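Read the structure below first, then the notes.
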Amino acid sequence: MLELTPEEWTAIRLSLRIALVATAVSLPIGIAAAWVLARKHFPGKALLDGLIVLPLVLPPVVTGYLLLISFGRRGPIGSFLYETFGIVFSFRWTGAALACGIMAFPLLVRPIRISFEAIDRKLEDAASTLGANAFWRFVTVTLPLAMPGIIAGTLLCFAKALGEFGATITFVSNIPGETQTISAAIYTYTQTPAGDAAALRLVIVAIVIAMAALLASEFFARRASRKLHGD
Amino acid sequence: MLHVDLRKAVGDLALCVAFDSEGPVTGLFGPSGAGKTTLVNMIAGLVRPDAGRLALGDQVLFDHDRRIDVPAHKRRIGYVFQEGRLFPHMTVARNLDYGRWMAGLPHDSAEFARILAMLDIEPLLGRRPGKLSGGERQRVAIGRALMLKPRLLLLDEPLASLDPARKSEIMPYLVKLRDEARIPMVYVSHYARELKRIANVIVRLDAGHVSAMGGPDVLSKADEVAFV
């Protein structure tokens, strides 16, 4: 009863791959966006802030549909990417990673932004007087001091990407082996006669992965915090 | 020689300070709000003056008319802040080495050992700033600024955040620093007694202007009690 079938393993591997790629690609962009929102003042900042948060408040199906019409083969961005670089997002696992990354982006940015805002800017001034230019100040002072927020944001992004369903299924459908994630597989099994056992197995797997990510994040956040405040 | 002729409007205060000092230790004296910290921040390159000129020896660091403004990270001016500002995520050893690393200077183990001995901070090397006392933190902050091999050392009220016992712990190190380090210094304080022990040139600031300048006798007995 508890033994996973090859199809279920495929869905688990695919989910992990999609969540990891979505998180890894989003992270540098999220750090840059959080830094801009925390430190810069410019016209249109409220609009940028709103755009980043939008996927959190929009129905996921709406985000998925917007992705489909813009990144689909015939969409303006999708056709450009296909003709120029040969990259296809629609109905591919890469499209699922894109959808997950966009849906999880606000959850990634918020804790990092709060961390940047909490940093004592005087420490960066001290680094300046010690010869650090803007790049090295960011790498050696700002980034390490924001580490607890970066860890929290990364975990939230990974967890959201792992569980994302609405935007993903709208944009890339539910193709076993290509775009069928754990969530999509559970949904399929619940629609199938005698699929309850398989759905339950995947529910357990989803809980185990989420708990493991949570514990890992707690461990690393504590370590980073100890490094900042302790000995 | 330090040449200062700087202007800056900060809120209600119109800072307009001009003096030349041969040092080696120039004491900036004045009450809170006189503009002392703003002035040293301008010397360090952390605050941009509205107008004027600043030169250290034969190098012009700021000249509004000639559009010269050397950024803080290229000035090589050591700065000891009132509250230390050690990097909390680095050990004392890494804090000390930070300036040398950023400036791309070669490791000078003799100089490193000399500064450790002068400030008595060798036992602290493996600790993090969160585990240091106020006095230890300031000694490390002085050491960190010295490791940069600065051309000028700015000390902004380095004793102000310390209790009397810690102040008397640090004072002998500052005197030693003046006598041994042979680096020109600008020492900011609103404690006349402290400046009399350290500085040989006093610049007195009042409401953003130089109101008096000269030897330690610029500071009167009344000053010694006025701001304490």
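In the structure tokens, the first chain shown is A, the next is B, and so on; residue numbers restart at 1 for each chain, and ligands run from 1 in the order shown.
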Practice task
Please provide the set of residues having any atom within 6 Å of range 102-117 of chain A, restricted to only C-alpha atoms, with same-chain residues fewer than 2 positions apart removed, written as an NGL selection string.
Solution key: :A and (30 or 34 or 38 or 52-53 or 55 or 99-100 or 119 or 146 or 149-150 or 153-154 or 156-157 or 160-161)
Practice task
Write out as a list of chain:residue names each polymer residue whose atoms come within 7 Å of range 199-215 of chain B, counting only C-alpha atoms; drop sequence neighbours fewer than 2 positions from it.
Solution key: B:Leu13, B:Ala14, B:Leu15, B:Cys16, B:Val17, B:Gly23, B:Val25, B:Thr26, B:Gly27, B:Leu28, B:Phe29, B:Gly30, B:Ala34, B:Gly35, B:Leu195, B:Lys196, B:Arg197, B:Asp217, B:Val218
With C-alpha atoms kept, could you save the residues just selected as a CSV table (one decimal), in the first residue's frame?
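Saved to part30.csv:
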```
chain,number,residue,atom,x,y,z
B,13,LEU,CA,22.3,74.1,10.7
B,14,ALA,CA,24.4,75.9,8.0
B,15,LEU,CA,27.8,74.3,8.5
B,16,CYS,CA,30.7,76.5,7.2
B,17,VAL,CA,34.1,75.3,8.5
B,23,GLY,CA,48.3,68.1,13.6
B,25,VAL,CA,46.3,65.4,16.5
B,26,THR,CA,43.6,67.9,15.7
B,27,GLY,CA,40.8,67.9,18.3
B,28,LEU,CA,37.4,69.0,17.2
B,29,PHE,CA,35.6,70.4,20.2
B,30,GLY,CA,32.0,71.6,20.6
B,34,ALA,CA,27.7,71.9,16.5
B,35,GLY,CA,28.3,69.8,13.3
B,195,LEU,CA,40.9,66.4,24.2
B,196,LYS,CA,43.5,68.1,26.4
B,197,ARG,CA,45.2,64.7,26.9
B,217,ASP,CA,44.7,76.3,26.1
B,218,VAL,CA,41.8,77.1,23.7
```
Compile a residue-level contact table for chain A against chain B at a cut-off of 8 Å, reporting for every qualifying residue the shortest atom pair and its distance in Å to one decimal, with only C-alpha atoms counted, rows ordered by chain and ascending number, as a Markdown table.
```
| residue | atom | partner | partner_atom | distance |
| --- | --- | --- | --- | --- |
| A:Lys122 | CA | B:Arg85 | CA | 7.2 |
| A:Leu123 | CA | B:Arg85 | CA | 5.8 |
| A:Asp125 | CA | B:Leu46 | CA | 6.8 |
| A:Ala126 | CA | B:Arg85 | CA | 6.7 |
| A:Ala127 | CA | B:Gly99 | CA | 7.9 |
| A:Ser128 | CA | B:His73 | CA | 4.7 |
| A:Thr129 | CA | B:His73 | CA | 5.3 |
| A:Leu130 | CA | B:Gly99 | CA | 4.5 |
| A:Gly131 | CA | B:His73 | CA | 3.9 |
| A:Ala132 | CA | B:Met102 | CA | 5.4 |
| A:Asn133 | CA | B:His73 | CA | 5.9 |
| A:Trp136 | CA | B:Met102 | CA | 8.0 |
| A:Val141 | CA | B:Phe87 | CA | 7.4 |
| A:Pro144 | CA | B:His89 | CA | 7.2 |
| A:Leu145 | CA | B:His89 | CA | 7.1 |
| A:Lys227 | CA | B:His89 | CA | 5.5 |
| A:Leu228 | CA | B:His89 | CA | 4.5 |
| A:His229 | CA | B:Gly130 | CA | 5.6 |
| A:Gly230 | CA | B:Gly130 | CA | 5.6 |
| A:Asp231 | CA | B:Arg128 | CA | 4.9 |
```
Expected file: the selected residues, N, CA and C atoms, as an mmCIF file, in the first residue's frame:
```cif
data_model
loop_
_atom_site.group_PDB
_atom_site.id
_atom_site.type_symbol
_atom_site.label_atom_id
_atom_site.label_comp_id
_atom_site.auth_asym_id
_atom_site.auth_seq_id
_atom_site.Cartn_x
_atom_site.Cartn_y
_atom_site.Cartn_z
ATOM 1 N N LYS A 122 24.812 52.017 8.602
ATOM 2 C CA LYS A 122 26.093 52.539 9.093
ATOM 3 C C LYS A 122 27.207 51.506 8.944
ATOM 4 N N LEU A 123 26.821 50.220 8.943
ATOM 5 C CA LEU A 123 27.847 49.185 8.750
ATOM 6 C C LEU A 123 28.390 49.245 7.325
ATOM 7 N N ASP A 125 28.559 52.029 5.607
ATOM 8 C CA ASP A 125 29.446 53.207 5.616
ATOM 9 C C ASP A 125 30.824 52.818 6.156
ATOM 10 N N ALA A 126 30.814 52.019 7.226
ATOM 11 C CA ALA A 126 32.088 51.584 7.812
ATOM 12 C C ALA A 126 32.893 50.810 6.764
ATOM 13 N N ALA A 127 32.209 49.957 5.998
ATOM 14 C CA ALA A 127 32.894 49.183 4.954
ATOM 15 C C ALA A 127 33.468 50.118 3.886
ATOM 16 N N SER A 128 32.748 51.184 3.571
ATOM 17 C CA SER A 128 33.251 52.162 2.591
ATOM 18 C C SER A 128 34.569 52.749 3.045
ATOM 19 N N THR A 129 34.600 53.171 4.322
ATOM 20 C CA THR A 129 35.834 53.802 4.807
ATOM 21 C C THR A 129 36.984 52.799 4.855
ATOM 22 N N LEU A 130 36.648 51.514 4.838
ATOM 23 C CA LEU A 130 37.702 50.485 4.860
ATOM 24 C C LEU A 130 38.079 50.035 3.447
ATOM 25 N N GLY A 131 37.592 50.752 2.452
ATOM 26 C CA GLY A 131 38.046 50.500 1.078
ATOM 27 C C GLY A 131 37.121 49.665 0.216
ATOM 28 N N ALA A 132 35.907 49.351 0.727
ATOM 29 C CA ALA A 132 35.007 48.493 -0.065
ATOM 30 C C ALA A 132 34.161 49.345 -1.018
ATOM 31 N N ASN A 133 34.177 49.005 -2.287
ATOM 32 C CA ASN A 133 33.300 49.710 -3.236
ATOM 33 C C ASN A 133 31.889 49.120 -3.138
ATOM 34 N N TRP A 136 31.550 45.238 -3.411
ATOM 35 C CA TRP A 136 32.091 44.472 -2.282
ATOM 36 C C TRP A 136 31.334 44.743 -0.982
ATOM 37 N N VAL A 141 28.990 42.618 3.217
ATOM 38 C CA VAL A 141 28.265 43.134 4.386
ATOM 39 C C VAL A 141 26.741 42.954 4.226
ATOM 40 N N PRO A 144 25.450 39.006 3.601
ATOM 41 C CA PRO A 144 25.499 38.132 4.788
ATOM 42 C C PRO A 144 24.557 38.585 5.895
ATOM 43 N N LEU A 145 24.384 39.909 6.053
ATOM 44 C CA LEU A 145 23.490 40.383 7.122
ATOM 45 C C LEU A 145 22.028 40.103 6.792
ATOM 46 N N LYS A 227 25.321 33.362 13.905
ATOM 47 C CA LYS A 227 26.514 33.971 13.343
ATOM 48 C C LYS A 227 26.449 35.498 13.463
ATOM 49 N N LEU A 228 25.241 36.031 13.335
ATOM 50 C CA LEU A 228 25.086 37.490 13.377
ATOM 51 C C LEU A 228 25.104 38.035 14.800
ATOM 52 N N HIS A 229 24.531 37.268 15.737
ATOM 53 C CA HIS A 229 24.360 37.837 17.070
ATOM 54 C C HIS A 229 25.180 37.162 18.154
ATOM 55 N N GLY A 230 25.583 35.934 17.909
ATOM 56 C CA GLY A 230 26.277 35.210 18.974
ATOM 57 C C GLY A 230 27.774 35.220 18.807
ATOM 58 N N ASP A 231 28.419 34.168 19.285
ATOM 59 C CA ASP A 231 29.874 34.102 19.171
ATOM 60 C C ASP A 231 30.274 33.052 18.149
#
```
Practice task
Name all residues at most 12 Å from Ile69 in chain A (count only C-alpha atoms; drop same-chain ones fewer than 5 positions away) and give them as a list in words.
Solution key: Val62, Thr63, Gly64, Arg74, Gly75, Pro76, Ile77, Gly78, Ser79, Phe89, Ser90, Thr170, Phe171 and Val172 of chain A
Handout entry: Close residues, Pro6 in chain A itself excluded, 12 Å, only C-alpha atoms, min 4 positions apart in chain, as a ChimeraX atom specification
Key = /A:10-13,176-177,198
I need the chosen residues saved as an mmCIF file, in the first residue's frame, with N, CA and C atoms.
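As written to disk, again_10.cif reads:
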```cif
data_model
loop_
_atom_site.group_PDB
_atom_site.id
_atom_site.type_symbol
_atom_site.label_atom_id
_atom_site.label_comp_id
_atom_site.auth_asym_id
_atom_site.auth_seq_id
_atom_site.Cartn_x
_atom_site.Cartn_y
_atom_site.Cartn_z
ATOM 1 N N THR A 10 7.981 9.372 -10.704
ATOM 2 C CA THR A 10 8.208 10.362 -11.767
ATOM 3 C C THR A 10 7.635 11.720 -11.355
ATOM 4 N N ALA A 11 6.412 11.690 -10.812
ATOM 5 C CA ALA A 11 5.784 12.952 -10.387
ATOM 6 C C ALA A 11 6.588 13.612 -9.277
ATOM 7 N N ILE A 12 7.131 12.789 -8.349
ATOM 8 C CA ILE A 12 7.912 13.350 -7.223
ATOM 9 C C ILE A 12 9.198 13.980 -7.757
ATOM 10 N N ARG A 13 9.905 13.235 -8.618
ATOM 11 C CA ARG A 13 11.172 13.760 -9.175
ATOM 12 C C ARG A 13 10.926 15.050 -9.953
ATOM 13 N N PRO A 176 1.620 13.429 -17.754
ATOM 14 C CA PRO A 176 2.499 12.564 -16.958
ATOM 15 C C PRO A 176 3.901 12.523 -17.560
ATOM 16 N N GLY A 177 4.901 12.657 -16.712
ATOM 17 C CA GLY A 177 6.300 12.585 -17.160
ATOM 18 C C GLY A 177 6.841 13.911 -17.666
ATOM 19 N N ALA A 198 -3.189 5.797 -4.052
ATOM 20 C CA ALA A 198 -2.087 6.517 -4.701
ATOM 21 C C ALA A 198 -2.094 7.978 -4.260
#
```
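Distances from A:Leu98, A:Leu143, A:Phe42, A:Leu68 to Ala224 in chain A were compared using only C-alpha atoms, and the smallest one belongs to A:Leu143.
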